[in-house]
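As provided, entry-v1.csv (CSV, C-alpha atoms) reads as follows.
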```
chain,number,residue,atom,x,y,z
A,203,MET,CA,0.0,0.0,0.0
A,204,ALA,CA,1.5,3.4,-1.0
A,205,THR,CA,2.4,5.5,2.0
A,206,THR,CA,0.2,8.5,1.2
A,207,HIS,CA,-2.8,6.2,0.5
A,208,ARG,CA,-2.2,4.3,3.7
A,209,HIS,CA,-2.0,7.6,5.7
A,210,GLU,CA,-5.2,8.8,4.2
A,211,LYS,CA,-7.0,5.6,4.9
A,212,PHE,CA,-6.2,5.7,8.6
A,213,MET,CA,-6.8,9.5,8.9
A,214,ARG,CA,-10.2,8.9,7.4
A,215,ALA,CA,-10.9,6.4,10.2
A,216,ALA,CA,-9.8,9.1,12.7
A,217,LEU,CA,-12.1,11.6,11.0
A,218,ASN,CA,-15.0,9.1,11.4
A,219,GLN,CA,-14.2,9.1,15.1
A,220,ALA,CA,-14.1,12.9,15.3
A,221,LYS,CA,-17.5,13.1,13.6
A,222,ARG,CA,-19.0,11.2,16.5
A,223,ALA,CA,-18.0,14.2,18.7
A,224,LEU,CA,-19.8,16.9,16.6
A,225,GLY,CA,-22.1,18.9,18.7
A,226,GLN,CA,-20.8,17.4,21.9
A,227,THR,CA,-17.5,19.2,22.6
A,228,SER,CA,-18.1,22.9,22.3
A,229,PRO,CA,-16.3,25.2,23.0
A,230,ASN,CA,-13.6,22.6,22.3
A,231,PRO,CA,-13.0,21.2,18.8
A,232,ALA,CA,-14.1,17.7,17.7
A,233,VAL,CA,-11.1,15.4,17.4
A,234,GLY,CA,-10.6,11.8,16.6
A,235,ALA,CA,-7.6,9.4,16.9
A,236,VAL,CA,-6.7,5.9,15.9
A,237,LEU,CA,-3.7,3.8,16.8
A,238,VAL,CA,-2.3,1.6,14.0
A,239,ILE,CA,0.1,-1.3,14.3
A,240,ASP,CA,1.2,-3.3,11.2
A,241,ASP,CA,-1.5,-1.6,9.0
A,242,ARG,CA,-4.3,-2.5,11.4
A,243,ILE,CA,-6.3,-0.3,13.7
A,244,VAL,CA,-5.9,-1.5,17.2
A,245,ALA,CA,-7.5,1.3,19.2
A,246,GLU,CA,-9.8,4.3,18.6
A,247,GLY,CA,-10.9,7.3,20.5
A,248,HIS,CA,-12.6,10.7,20.3
A,249,HIS,CA,-13.0,13.7,22.5
A,250,ARG,CA,-16.5,13.3,24.1
A,251,GLU,CA,-17.1,16.6,25.8
A,252,ALA,CA,-15.2,19.6,27.2
A,253,GLY,CA,-13.4,18.7,30.4
A,254,ARG,CA,-13.1,15.0,29.5
A,255,ASP,CA,-10.1,13.2,28.0
A,256,HIS,CA,-9.0,14.3,24.6
A,257,ALA,CA,-9.1,11.9,21.7
A,258,GLU,CA,-5.4,10.8,21.9
A,259,ILE,CA,-5.8,10.0,25.7
A,260,GLU,CA,-9.0,7.9,25.1
A,261,CYS,CA,-7.4,6.1,22.2
A,262,LEU,CA,-4.3,5.1,24.2
A,263,ARG,CA,-6.4,4.1,27.2
A,264,ASN,CA,-8.5,1.9,25.0
A,265,PHE,CA,-5.3,0.2,23.8
A,266,GLY,CA,-4.5,-0.5,27.4
A,267,ARG,CA,-1.0,-1.9,27.1
A,268,ARG,CA,2.6,-0.9,26.1
A,269,VAL,CA,2.7,0.7,22.7
A,270,PRO,CA,5.4,-0.9,20.4
A,271,GLN,CA,7.7,1.5,18.6
A,272,ARG,CA,6.4,0.5,15.2
A,273,ALA,CA,3.0,1.9,16.1
A,274,THR,CA,1.6,5.1,14.5
A,275,LEU,CA,-0.9,7.4,16.1
A,276,TYR,CA,-3.3,9.3,13.7
A,277,ILE,CA,-4.9,12.4,15.1
A,278,THR,CA,-7.2,14.8,13.1
A,279,LEU,CA,-5.9,17.8,15.0
A,280,GLU,CA,-2.5,18.8,16.4
A,281,PRO,CA,-2.2,17.5,20.0
A,282,CYS,CA,-2.4,20.2,22.7
A,283,SER,CA,0.8,21.0,24.4
A,284,THR,CA,-0.4,23.1,27.3
A,285,ALA,CA,-2.4,22.3,30.5
A,286,GLY,CA,-6.0,23.4,30.6
A,287,ARG,CA,-8.9,21.4,32.0
A,288,THR,CA,-6.8,18.4,31.0
A,289,ALA,CA,-3.1,17.6,30.9
A,290,PRO,CA,-1.2,18.2,27.7
A,291,CYS,CA,-1.7,15.5,25.2
A,292,THR,CA,1.9,15.7,24.0
A,293,ASP,CA,3.1,14.6,27.4
A,294,ALA,CA,0.8,11.5,27.2
A,295,ILE,CA,2.1,10.7,23.7
A,296,LEU,CA,5.7,10.9,24.8
A,297,ASN,CA,5.0,8.9,28.0
A,298,ALA,CA,3.4,6.2,26.0
A,299,GLY,CA,6.6,5.9,24.0
A,300,ILE,CA,5.0,6.6,20.6
A,301,LYS,CA,7.6,7.3,17.9
A,302,ASN,CA,5.3,8.0,14.9
A,303,VAL,CA,2.5,10.5,14.7
A,304,VAL,CA,0.4,11.6,11.8
A,305,VAL,CA,-1.6,14.9,12.2
A,306,GLY,CA,-4.5,16.0,10.0
A,307,THR,CA,-4.3,19.8,10.6
A,308,ILE,CA,-2.6,22.4,12.8
A,309,ASP,CA,-4.6,23.9,15.7
A,310,VAL,CA,-5.5,27.5,15.0
A,311,ASN,CA,-5.6,28.3,18.7
A,312,PRO,CA,-2.4,30.5,19.2
A,313,ARG,CA,-1.8,28.7,22.6
A,314,HIS,CA,-1.2,25.5,20.7
A,315,SER,CA,-0.6,26.3,17.0
A,316,GLY,CA,2.5,24.4,15.9
A,317,LYS,CA,3.8,24.0,19.4
A,318,GLY,CA,2.6,20.5,19.9
A,319,ILE,CA,4.3,19.3,16.7
A,320,THR,CA,7.5,21.1,17.6
A,321,GLN,CA,7.5,19.6,21.0
A,322,LEU,CA,7.1,16.0,19.7
A,323,ARG,CA,9.7,16.5,17.0
A,324,ASN,CA,12.2,17.9,19.5
A,325,ALA,CA,11.7,14.7,21.6
A,326,GLY,CA,12.5,12.5,18.6
A,327,VAL,CA,9.0,11.7,17.4
A,328,LYS,CA,8.6,11.4,13.6
A,329,VAL,CA,5.6,13.7,12.8
A,330,ARG,CA,3.9,14.0,9.5
A,331,GLU,CA,1.2,16.7,9.1
A,332,GLY,CA,-1.4,17.8,6.5
A,333,ILE,CA,-3.0,14.5,5.8
A,334,LEU,CA,-6.6,15.2,4.6
A,335,ALA,CA,-6.0,18.7,6.0
A,336,ASP,CA,-9.0,20.3,4.2
A,337,GLU,CA,-11.4,17.7,5.6
A,338,CYS,CA,-9.9,17.9,9.1
A,339,THR,CA,-10.1,21.7,9.0
A,340,ARG,CA,-13.7,21.8,7.7
A,341,LEU,CA,-14.8,19.5,10.5
A,342,ASN,CA,-14.0,22.3,13.0
A,343,GLU,CA,-15.0,25.3,10.9
A,344,ALA,CA,-17.1,26.8,13.8
A,345,PHE,CA,-14.4,26.3,16.4
A,346,ASN,CA,-11.8,27.9,14.1
A,347,LYS,CA,-13.9,30.9,13.3
A,348,TRP,CA,-14.7,31.5,17.0
A,349,ILE,CA,-11.0,31.1,18.1
A,350,ILE,CA,-9.8,33.6,15.5
A,351,SER,CA,-12.5,36.2,15.6
A,352,GLY,CA,-14.3,35.7,18.9
A,353,ARG,CA,-17.6,35.4,17.0
A,354,PRO,CA,-19.6,32.3,16.3
A,355,PHE,CA,-19.8,30.6,12.9
A,356,VAL,CA,-23.2,31.5,11.3
A,357,ILE,CA,-25.2,29.1,9.3
A,358,ALA,CA,-28.3,30.5,7.5
A,359,LYS,CA,-30.8,27.7,7.2
A,360,CYS,CA,-34.4,27.5,5.9
A,361,GLY,CA,-36.9,25.3,4.2
A,362,MET,CA,-38.2,27.1,1.1
A,363,SER,CA,-40.4,26.6,-1.9
A,364,LEU,CA,-39.2,26.7,-5.5
A,365,ASP,CA,-40.4,30.3,-5.7
A,366,GLY,CA,-38.3,31.3,-2.7
A,367,ARG,CA,-41.0,31.4,0.0
A,368,LEU,CA,-40.8,30.3,3.6
A,369,THR,CA,-44.5,29.8,4.0
A,370,ARG,CA,-47.6,28.6,2.2
A,371,ARG,CA,-50.7,30.7,1.9
A,372,ALA,CA,-52.3,31.9,5.2
A,373,ALA,CA,-54.1,29.3,7.2
A,374,GLU,CA,-52.5,26.4,5.3
A,375,HIS,CA,-50.3,23.7,6.7
A,376,ARG,CA,-46.9,25.3,7.3
A,377,TRP,CA,-44.5,22.5,6.1
A,378,ILE,CA,-42.8,23.0,2.7
A,379,THR,CA,-40.2,20.2,2.9
A,380,GLY,CA,-40.9,16.6,3.8
A,381,PRO,CA,-40.3,14.7,7.0
A,382,PHE,CA,-36.9,13.3,5.9
A,383,ALA,CA,-35.6,16.7,5.1
A,384,ARG,CA,-36.9,18.0,8.5
A,385,ARG,CA,-35.1,15.1,10.3
A,386,HIS,CA,-31.9,16.1,8.4
A,387,ALA,CA,-32.4,19.6,9.7
A,388,HIS,CA,-32.6,18.3,13.3
A,389,GLU,CA,-29.2,16.6,12.8
A,390,LEU,CA,-27.9,20.1,11.9
A,391,ARG,CA,-29.4,21.5,15.0
A,392,ALA,CA,-27.6,18.8,17.0
A,393,HIS,CA,-24.3,20.1,15.7
A,394,VAL,CA,-24.7,23.8,16.7
A,395,ASP,CA,-24.5,25.7,20.0
A,396,ALA,CA,-27.5,28.0,19.3
A,397,VAL,CA,-30.5,28.4,17.1
A,398,LEU,CA,-31.6,32.0,16.4
A,399,VAL,CA,-35.0,33.3,15.2
A,400,GLY,CA,-36.9,36.6,15.1
A,401,ALA,CA,-39.9,37.5,17.2
A,402,GLU,CA,-42.4,37.1,14.4
A,403,THR,CA,-41.3,33.5,14.0
A,404,VAL,CA,-42.1,32.9,17.7
A,405,ARG,CA,-45.5,34.6,17.3
A,406,ALA,CA,-46.5,32.9,14.1
A,407,ASP,CA,-45.1,29.4,14.5
A,408,ASN,CA,-44.5,28.9,18.3
A,409,PRO,CA,-41.4,26.8,17.5
A,410,ARG,CA,-39.6,24.6,20.0
A,411,LEU,CA,-36.1,24.9,18.4
A,412,THR,CA,-35.1,21.7,20.1
A,413,VAL,CA,-33.3,18.6,18.7
A,414,ARG,CA,-35.6,15.7,18.3
A,415,GLY,CA,-35.0,12.2,17.0
A,416,VAL,CA,-31.1,12.4,17.4
A,417,ARG,CA,-29.6,10.2,20.0
A,418,ARG,CA,-27.4,11.8,22.8
A,419,ALA,CA,-27.9,15.3,21.3
A,420,ARG,CA,-27.2,18.4,23.4
A,421,GLN,CA,-30.0,20.9,23.2
A,422,PRO,CA,-28.8,24.2,21.7
A,423,TRP,CA,-29.4,27.6,23.2
A,424,ARG,CA,-32.5,29.3,21.7
A,425,VAL,CA,-32.0,32.9,20.8
A,426,VAL,CA,-34.8,35.4,20.0
A,427,LEU,CA,-34.4,38.9,18.5
A,428,THR,CA,-37.2,41.3,19.2
A,429,ARG,CA,-37.7,45.1,18.9
A,430,SER,CA,-40.8,45.5,21.0
A,431,GLY,CA,-40.2,42.8,23.6
A,432,ASN,CA,-43.8,41.8,23.0
A,433,LEU,CA,-43.5,38.0,23.0
A,434,PRO,CA,-46.1,35.4,23.9
A,435,ARG,CA,-45.1,34.1,27.4
A,436,PRO,CA,-46.9,30.8,27.0
A,437,ALA,CA,-44.7,30.0,23.9
A,438,HIS,CA,-42.7,26.8,24.1
A,439,LEU,CA,-39.4,28.8,24.2
A,440,PHE,CA,-40.4,30.4,27.5
A,441,SER,CA,-42.4,27.6,29.2
A,442,ASP,CA,-40.9,24.2,28.3
A,443,ARG,CA,-38.2,22.3,30.3
A,444,PHE,CA,-35.5,24.1,28.3
A,445,ALA,CA,-36.8,27.6,29.1
A,446,SER,CA,-33.6,28.5,31.0
A,447,ARG,CA,-31.7,28.0,27.7
A,448,THR,CA,-33.7,30.7,25.9
A,449,LEU,CA,-32.0,34.1,25.4
A,450,ILE,CA,-33.9,37.2,24.5
A,451,TYR,CA,-32.1,40.2,22.9
A,452,ARG,CA,-34.2,43.4,22.5
A,453,CYS,CA,-33.3,46.2,20.2
A,454,LYS,CA,-29.9,44.8,19.4
A,455,SER,CA,-28.3,44.5,16.0
A,456,LEU,CA,-27.6,41.0,14.7
A,457,ALA,CA,-23.9,41.8,14.7
A,458,ALA,CA,-24.0,42.9,18.4
A,459,VAL,CA,-26.0,39.8,19.3
A,460,LEU,CA,-23.4,37.5,17.6
A,461,LYS,CA,-20.6,39.3,19.4
A,462,ASN,CA,-22.2,38.7,22.7
A,463,LEU,CA,-22.9,35.1,22.0
A,464,GLY,CA,-19.3,34.6,21.1
A,465,LYS,CA,-18.3,36.0,24.5
A,466,ARG,CA,-20.6,33.4,26.1
A,467,GLY,CA,-18.6,30.7,24.5
A,468,ILE,CA,-21.1,29.9,21.8
A,469,THR,CA,-19.1,28.9,18.7
A,470,SER,CA,-21.9,28.3,16.2
A,471,VAL,CA,-25.3,29.8,15.5
A,472,LEU,CA,-28.0,28.4,13.2
A,473,ILE,CA,-30.3,31.2,11.9
A,474,GLU,CA,-33.6,29.6,11.2
A,475,GLY,CA,-35.7,32.6,10.4
A,476,GLY,CA,-37.8,34.3,9.7
A,477,GLY,CA,-37.2,36.0,6.4
A,478,GLU,CA,-36.4,39.4,8.0
A,479,VAL,CA,-33.6,38.0,10.1
A,480,LEU,CA,-32.2,36.0,7.2
A,481,GLY,CA,-32.3,39.2,5.1
A,482,GLN,CA,-30.5,41.1,7.8
A,483,ALA,CA,-27.8,38.5,8.0
A,484,LEU,CA,-27.3,38.6,4.3
A,485,ASP,CA,-27.1,42.4,4.0
A,486,ALA,CA,-24.8,42.6,7.1
A,487,ARG,CA,-22.4,40.1,5.6
A,488,LEU,CA,-22.7,37.8,8.6
A,489,ILE,CA,-23.3,34.5,6.9
A,490,ASP,CA,-20.5,31.9,6.9
A,491,LYS,CA,-22.5,29.1,5.4
A,492,VAL,CA,-25.9,28.5,3.9
A,493,GLN,CA,-28.0,25.3,4.1
A,494,LEU,CA,-31.2,25.5,2.2
A,495,TYR,CA,-33.9,22.8,2.0
A,496,LEU,CA,-35.8,23.1,-1.3
A,497,GLY,CA,-39.3,21.6,-1.3
A,498,PRO,CA,-40.9,20.6,-4.6
A,499,ILE,CA,-43.6,23.2,-4.5
A,500,LEU,CA,-44.4,26.7,-5.6
A,501,THR,CA,-46.5,28.3,-2.8
A,502,GLY,CA,-46.8,32.0,-3.6
A,503,GLY,CA,-46.7,32.4,0.2
A,504,PRO,CA,-46.3,35.8,1.8
A,505,VAL,CA,-42.9,35.4,3.5
A,506,ILE,CA,-39.8,35.6,1.2
A,507,ALA,CA,-36.7,33.6,2.3
A,508,PHE,CA,-34.1,36.4,2.0
A,509,PRO,CA,-35.9,39.8,1.7
A,510,ALA,CA,-32.6,41.7,1.8
A,511,GLY,CA,-31.5,44.9,0.2
A,512,GLY,CA,-29.5,42.8,-2.2
A,513,ALA,CA,-26.9,43.6,-4.8
A,514,GLU,CA,-27.2,46.5,-7.3
A,515,ASN,CA,-26.8,44.1,-10.2
A,516,THR,CA,-26.4,40.4,-11.0
A,517,ALA,CA,-22.6,40.7,-11.4
A,518,ASN,CA,-22.3,41.8,-7.8
A,519,ALA,CA,-24.8,39.2,-6.4
A,520,LEU,CA,-23.8,36.7,-3.7
A,521,HIS,CA,-21.8,33.8,-5.0
A,522,LEU,CA,-21.2,30.5,-3.2
A,523,ARG,CA,-18.3,28.2,-3.3
A,524,GLY,CA,-17.9,24.6,-2.1
A,525,ILE,CA,-21.5,24.0,-3.2
A,526,SER,CA,-23.0,20.6,-2.6
A,527,TYR,CA,-26.5,19.2,-3.5
A,528,ARG,CA,-28.1,16.3,-1.7
A,529,ARG,CA,-31.5,14.8,-2.6
A,530,ILE,CA,-33.5,13.9,0.5
A,531,ALA,CA,-36.6,12.1,-0.6
A,532,ARG,CA,-38.5,14.7,-2.6
A,533,SER,CA,-36.5,17.7,-1.2
A,534,VAL,CA,-33.0,18.9,-2.1
A,535,CYS,CA,-30.5,20.2,0.4
A,536,ILE,CA,-28.1,22.8,-0.9
A,537,THR,CA,-25.1,23.9,1.1
A,538,GLY,CA,-22.4,26.4,0.2
A,539,TYR,CA,-20.1,29.1,1.5
A,540,PRO,CA,-20.3,32.8,0.5
A,541,GLU,CA,-17.4,34.2,-1.5
A,542,ASP,CA,-15.9,37.7,-1.1
A,543,VAL,CA,-17.1,38.7,-4.6
A,544,GLY,CA,-20.7,39.8,-4.0
A,545,GLN,CA,-21.2,43.6,-3.4
A,546,GLY,CA,-23.9,45.1,-1.3
A,547,LYS,CA,-25.5,48.4,-1.9
A,548,ASN,CA,-23.0,50.0,0.4
A,549,GLY,CA,-20.2,48.8,-1.9
A,550,LYS,CA,-18.9,46.2,0.5
A,551,PRO,CA,-18.8,42.5,-0.2
A,552,PHE,CA,-21.7,40.4,1.1
A,553,GLY,CA,-20.0,37.3,2.4
A,554,ARG,CA,-16.7,35.8,3.3
A,555,PRO,CA,-15.4,32.3,3.1
A,556,PRO,CA,-15.1,30.3,6.4
A,557,VAL,CA,-11.9,30.4,8.3
```
Do you think you could lay out the structure here as structure tokens?
Amino acid sequence: MATTHRHEKFMRAALNQAKRALGQTSPNPAVGAVLVIDDRIVAEGHHREAGRDHAEIECLRNFGRRVPQRATLYITLEPCSTAGRTAPCTDAILNAGIKNVVVGTIDVNPRHSGKGITQLRNAGVKVREGILADECTRLNEAFNKWIISGRPFVIAKCGMSLDGRLTRRAAEHRWITGPFARRHAHELRAHVDAVLVGAETVRADNPRLTVRGVRRARQPWRVVLTRSGNLPRPAHLFSDRFASRTLIYRCKSLAAVLKNLGKRGITSVLIEGGGEVLGQALDARLIDKVQLYLGPILTGGPVIAFPAGGAENTANALHLRGISYRRIARSVCITGYPEDVGQGKNGKPFGRPPV
């Protein structure tokens, strides 16, 4: 087996471990690790939640015996080299006698960035980095944005009709996408720290904004933006068992709210509506990623998905990169990242690519 192909194979296994941690570790990154001896995975591990053992520690503990020198440890993220809520992972790697380490990507946290790899190399460990680096980086796009900017990673999500509406006609059933697409959206909720809506969505839909149908999911914070403060107190957000995880921001700009959420340690925010809030996010260049669920229907409903000021012309419209399309039953899920090419009416670009 070619060396690069072998490294990618085992790093992919470590990535699969890390994906099990998505939505569980904030404000820490999701990390996975596998220990390989003679081209065979002999132990696996992932970081389960902040304050618990990191992926490397769990992997080595699961192996449970002396590590031979021919073993290789694969880690999706550079091991930490400083003490925090846990001891440095580099110390554990050295104490275990590991001589070969393969790292997916460098930690963007300036406390760790590059230092863990340097420490291992100075101790005689052979370290190879950058295996499946893009995939390993994308896995922690929210953590990376928050670490660098102090602001959460913002995902604009909605279920919309083919004519760009969030609703059907008044008094009709409100669902536009099918049950399988809605389940997929619940999985997205399970991976974020907070879900944000406007006051009109609370009044009109009385949403729960909880994760349902996903095992072991952490419930996200629920965030409501309001100008008047006139909100229905019997609403689910203020009366259910998660009421203490509902935050209300009155007369605050979306940018100011996101800044405050970042200070609270919230690394990712899912904007679910309504149209006015989605439009504000678009015009203010606050969207890092879009995830749209397109239902096979033209509704002519009253609420437009992104009623923003928009671009002055098509050439300056919002462009997406890294686009993917996934069919979910009769619906289509479209994801993408805003580029820095669209221009708003103020002459500034709409979006920016993720960190």
Point-to-point distance from CA of Val471 in chain A to CA of Val356 in chain A, Å rounded to tenths: 5.0 Å
Please work out which residues fall within 6 Å of (-9.8, 13.6, 20.2), coordinates as given in the file, with only C-alpha atoms counting, and return them as a PyMOL selection string. chain A and resi 233-235+248-249+256-258
Considering all atoms listed in the file, give me a table of residues in range 397-465 of chain A that are at most 12 Å from range 491-510 of chain A, with the closest atom pair and distance in Å for each, as JSON lines.
```
{"residue": "A:Glu402", "atom": "CA", "partner": "A:Val505", "partner_atom": "CA", "distance": 11.0}
{"residue": "A:Thr403", "atom": "CA", "partner": "A:Val505", "partner_atom": "CA", "distance": 10.8}
{"residue": "A:Ala406", "atom": "CA", "partner": "A:Val505", "partner_atom": "CA", "distance": 11.5}
```
Would you save the residues of that selection, restricted to C-alpha atoms, as a CSV table (one decimal), keeping the file's coordinate frame?
```csv
chain,number,residue,atom,x,y,z
A,402,GLU,CA,-42.4,37.1,14.4
A,403,THR,CA,-41.3,33.5,14.0
A,406,ALA,CA,-46.5,32.9,14.1
```
Between CA of Asp240 in chain A and CA of Ile259 in chain A, what is the spacing in Å? 20.9 Å
Excluding range 395-397 of chain A and residues on its chain fewer than 6 positions from it, collect all residues at most 10 Å away from it, counting only C-alpha atoms, and give them as number ranges by chain. A: 225-229, 344, 354-357, 359, 411-412, 420-426, 447-449, 463, 467-475
Expected file contents, prior selection, C-alpha atoms, as an mmCIF file, keeping the file's coordinate frame:
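Saved to selection34.cif:
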```cif
data_model
loop_
_atom_site.group_PDB
_atom_site.id
_atom_site.type_symbol
_atom_site.label_atom_id
_atom_site.label_comp_id
_atom_site.auth_asym_id
_atom_site.auth_seq_id
_atom_site.Cartn_x
_atom_site.Cartn_y
_atom_site.Cartn_z
ATOM 1 C CA GLY A 225 -22.100 18.900 18.700
ATOM 2 C CA GLN A 226 -20.800 17.400 21.900
ATOM 3 C CA THR A 227 -17.500 19.200 22.600
ATOM 4 C CA SER A 228 -18.100 22.900 22.300
ATOM 5 C CA PRO A 229 -16.300 25.200 23.000
ATOM 6 C CA ALA A 344 -17.100 26.800 13.800
ATOM 7 C CA PRO A 354 -19.600 32.300 16.300
ATOM 8 C CA PHE A 355 -19.800 30.600 12.900
ATOM 9 C CA VAL A 356 -23.200 31.500 11.300
ATOM 10 C CA ILE A 357 -25.200 29.100 9.300
ATOM 11 C CA LYS A 359 -30.800 27.700 7.200
ATOM 12 C CA LEU A 411 -36.100 24.900 18.400
ATOM 13 C CA THR A 412 -35.100 21.700 20.100
ATOM 14 C CA ARG A 420 -27.200 18.400 23.400
ATOM 15 C CA GLN A 421 -30.000 20.900 23.200
ATOM 16 C CA PRO A 422 -28.800 24.200 21.700
ATOM 17 C CA TRP A 423 -29.400 27.600 23.200
ATOM 18 C CA ARG A 424 -32.500 29.300 21.700
ATOM 19 C CA VAL A 425 -32.000 32.900 20.800
ATOM 20 C CA VAL A 426 -34.800 35.400 20.000
ATOM 21 C CA ARG A 447 -31.700 28.000 27.700
ATOM 22 C CA THR A 448 -33.700 30.700 25.900
ATOM 23 C CA LEU A 449 -32.000 34.100 25.400
ATOM 24 C CA LEU A 463 -22.900 35.100 22.000
ATOM 25 C CA GLY A 467 -18.600 30.700 24.500
ATOM 26 C CA ILE A 468 -21.100 29.900 21.800
ATOM 27 C CA THR A 469 -19.100 28.900 18.700
ATOM 28 C CA SER A 470 -21.900 28.300 16.200
ATOM 29 C CA VAL A 471 -25.300 29.800 15.500
ATOM 30 C CA LEU A 472 -28.000 28.400 13.200
ATOM 31 C CA ILE A 473 -30.300 31.200 11.900
ATOM 32 C CA GLU A 474 -33.600 29.600 11.200
ATOM 33 C CA GLY A 475 -35.700 32.600 10.400
#
```
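Neighbours of range 519-527 of chain A closer than or equal to 6 Å, with only C-alpha atoms counted and sequence neighbours fewer than 3 positions away skipped, come out as Ala513, Thr516, Cys535, Ile536, Thr537, Gly538, Tyr539, Pro540, Glu541 and Gly544 of chain A.
Of note, CA of Arg268 in chain A and CA of Asp241 in chain A are spaced 17.6 Å apart.
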Within 10 Å of Asp309 in chain A, counting only C-alpha atoms, which residues show up once you throw out same-chain ones fewer than 2 positions away? Write them as a PDB file with C-alpha atoms, in the frame of the given file, please.
```pdb
ATOM      1  CA  PRO A 231     -13.000  21.200  18.800  1.00  0.00           C
ATOM      2  CA  THR A 278      -7.200  14.800  13.100  1.00  0.00           C
ATOM      3  CA  LEU A 279      -5.900  17.800  15.000  1.00  0.00           C
ATOM      4  CA  GLU A 280      -2.500  18.800  16.400  1.00  0.00           C
ATOM      5  CA  PRO A 281      -2.200  17.500  20.000  1.00  0.00           C
ATOM      6  CA  CYS A 282      -2.400  20.200  22.700  1.00  0.00           C
ATOM      7  CA  GLY A 306      -4.500  16.000  10.000  1.00  0.00           C
ATOM      8  CA  THR A 307      -4.300  19.800  10.600  1.00  0.00           C
ATOM      9  CA  ASN A 311      -5.600  28.300  18.700  1.00  0.00           C
ATOM     10  CA  PRO A 312      -2.400  30.500  19.200  1.00  0.00           C
ATOM     11  CA  ARG A 313      -1.800  28.700  22.600  1.00  0.00           C
ATOM     12  CA  HIS A 314      -1.200  25.500  20.700  1.00  0.00           C
ATOM     13  CA  SER A 315      -0.600  26.300  17.000  1.00  0.00           C
ATOM     14  CA  GLY A 316       2.500  24.400  15.900  1.00  0.00           C
ATOM     15  CA  LYS A 317       3.800  24.000  19.400  1.00  0.00           C
ATOM     16  CA  GLY A 318       2.600  20.500  19.900  1.00  0.00           C
ATOM     17  CA  THR A 339     -10.100  21.700   9.000  1.00  0.00           C
ATOM     18  CA  ASN A 342     -14.000  22.300  13.000  1.00  0.00           C
ATOM     19  CA  ASN A 346     -11.800  27.900  14.100  1.00  0.00           C
ATOM     20  CA  ILE A 349     -11.000  31.100  18.100  1.00  0.00           C
TER      21      ILE A 349
END
```
Within 10 Å of Leu296 in chain A, counting all atoms listed in the file, which residues qualify if same-chain residues fewer than 4 places away don't, as a ChimeraX atom specification? /A:291-292,300-301,321-322,325-327
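Here the question is which of A:Ala298, A:Ile530, A:Val479, A:Leu341 gets nearest to Arg385 in chain A using only C-alpha atoms, and that residue is A:Ile530.
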Within 9 Å of Val329 in chain A using all atoms listed in the file, minus same-chain residues under 5 positions, as a PDB file with C-alpha atoms, in the coordinates of the input:
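Produced file part-v5.pdb, reproduced below:
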```pdb
ATOM      1  CA  LYS A 301       7.600   7.300  17.900  1.00  0.00           C
ATOM      2  CA  ASN A 302       5.300   8.000  14.900  1.00  0.00           C
ATOM      3  CA  VAL A 303       2.500  10.500  14.700  1.00  0.00           C
ATOM      4  CA  VAL A 304       0.400  11.600  11.800  1.00  0.00           C
ATOM      5  CA  VAL A 305      -1.600  14.900  12.200  1.00  0.00           C
ATOM      6  CA  ILE A 319       4.300  19.300  16.700  1.00  0.00           C
ATOM      7  CA  LEU A 322       7.100  16.000  19.700  1.00  0.00           C
ATOM      8  CA  ARG A 323       9.700  16.500  17.000  1.00  0.00           C
TER       9      ARG A 323
END
```
From the options A:Arg330, A:Arg267, A:Arg532, A:Arg414, which residue's atoms come nearest to Thr205 in chain A, counting all atoms listed in the file?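 Using all atoms listed in the file, Thr205 in chain A sits closest to A:Arg330.
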Show me the residues around (-43.7, 26.5, 25.2) - criterion: an atom at most 12 Å away, all atoms listed in the file counted - as a PDB file with C-alpha atoms, in the coordinates of the input.
```pdb
ATOM      1  CA  VAL A 404     -42.100  32.900  17.700  1.00  0.00           C
ATOM      2  CA  ARG A 405     -45.500  34.600  17.300  1.00  0.00           C
ATOM      3  CA  ASP A 407     -45.100  29.400  14.500  1.00  0.00           C
ATOM      4  CA  ASN A 408     -44.500  28.900  18.300  1.00  0.00           C
ATOM      5  CA  PRO A 409     -41.400  26.800  17.500  1.00  0.00           C
ATOM      6  CA  ARG A 410     -39.600  24.600  20.000  1.00  0.00           C
ATOM      7  CA  LEU A 411     -36.100  24.900  18.400  1.00  0.00           C
ATOM      8  CA  THR A 412     -35.100  21.700  20.100  1.00  0.00           C
ATOM      9  CA  LEU A 433     -43.500  38.000  23.000  1.00  0.00           C
ATOM     10  CA  PRO A 434     -46.100  35.400  23.900  1.00  0.00           C
ATOM     11  CA  ARG A 435     -45.100  34.100  27.400  1.00  0.00           C
ATOM     12  CA  PRO A 436     -46.900  30.800  27.000  1.00  0.00           C
ATOM     13  CA  ALA A 437     -44.700  30.000  23.900  1.00  0.00           C
ATOM     14  CA  HIS A 438     -42.700  26.800  24.100  1.00  0.00           C
ATOM     15  CA  LEU A 439     -39.400  28.800  24.200  1.00  0.00           C
ATOM     16  CA  PHE A 440     -40.400  30.400  27.500  1.00  0.00           C
ATOM     17  CA  SER A 441     -42.400  27.600  29.200  1.00  0.00           C
ATOM     18  CA  ASP A 442     -40.900  24.200  28.300  1.00  0.00           C
ATOM     19  CA  ARG A 443     -38.200  22.300  30.300  1.00  0.00           C
ATOM     20  CA  PHE A 444     -35.500  24.100  28.300  1.00  0.00           C
ATOM     21  CA  ALA A 445     -36.800  27.600  29.100  1.00  0.00           C
ATOM     22  CA  SER A 446     -33.600  28.500  31.000  1.00  0.00           C
ATOM     23  CA  THR A 448     -33.700  30.700  25.900  1.00  0.00           C
TER      24      THR A 448
END
```
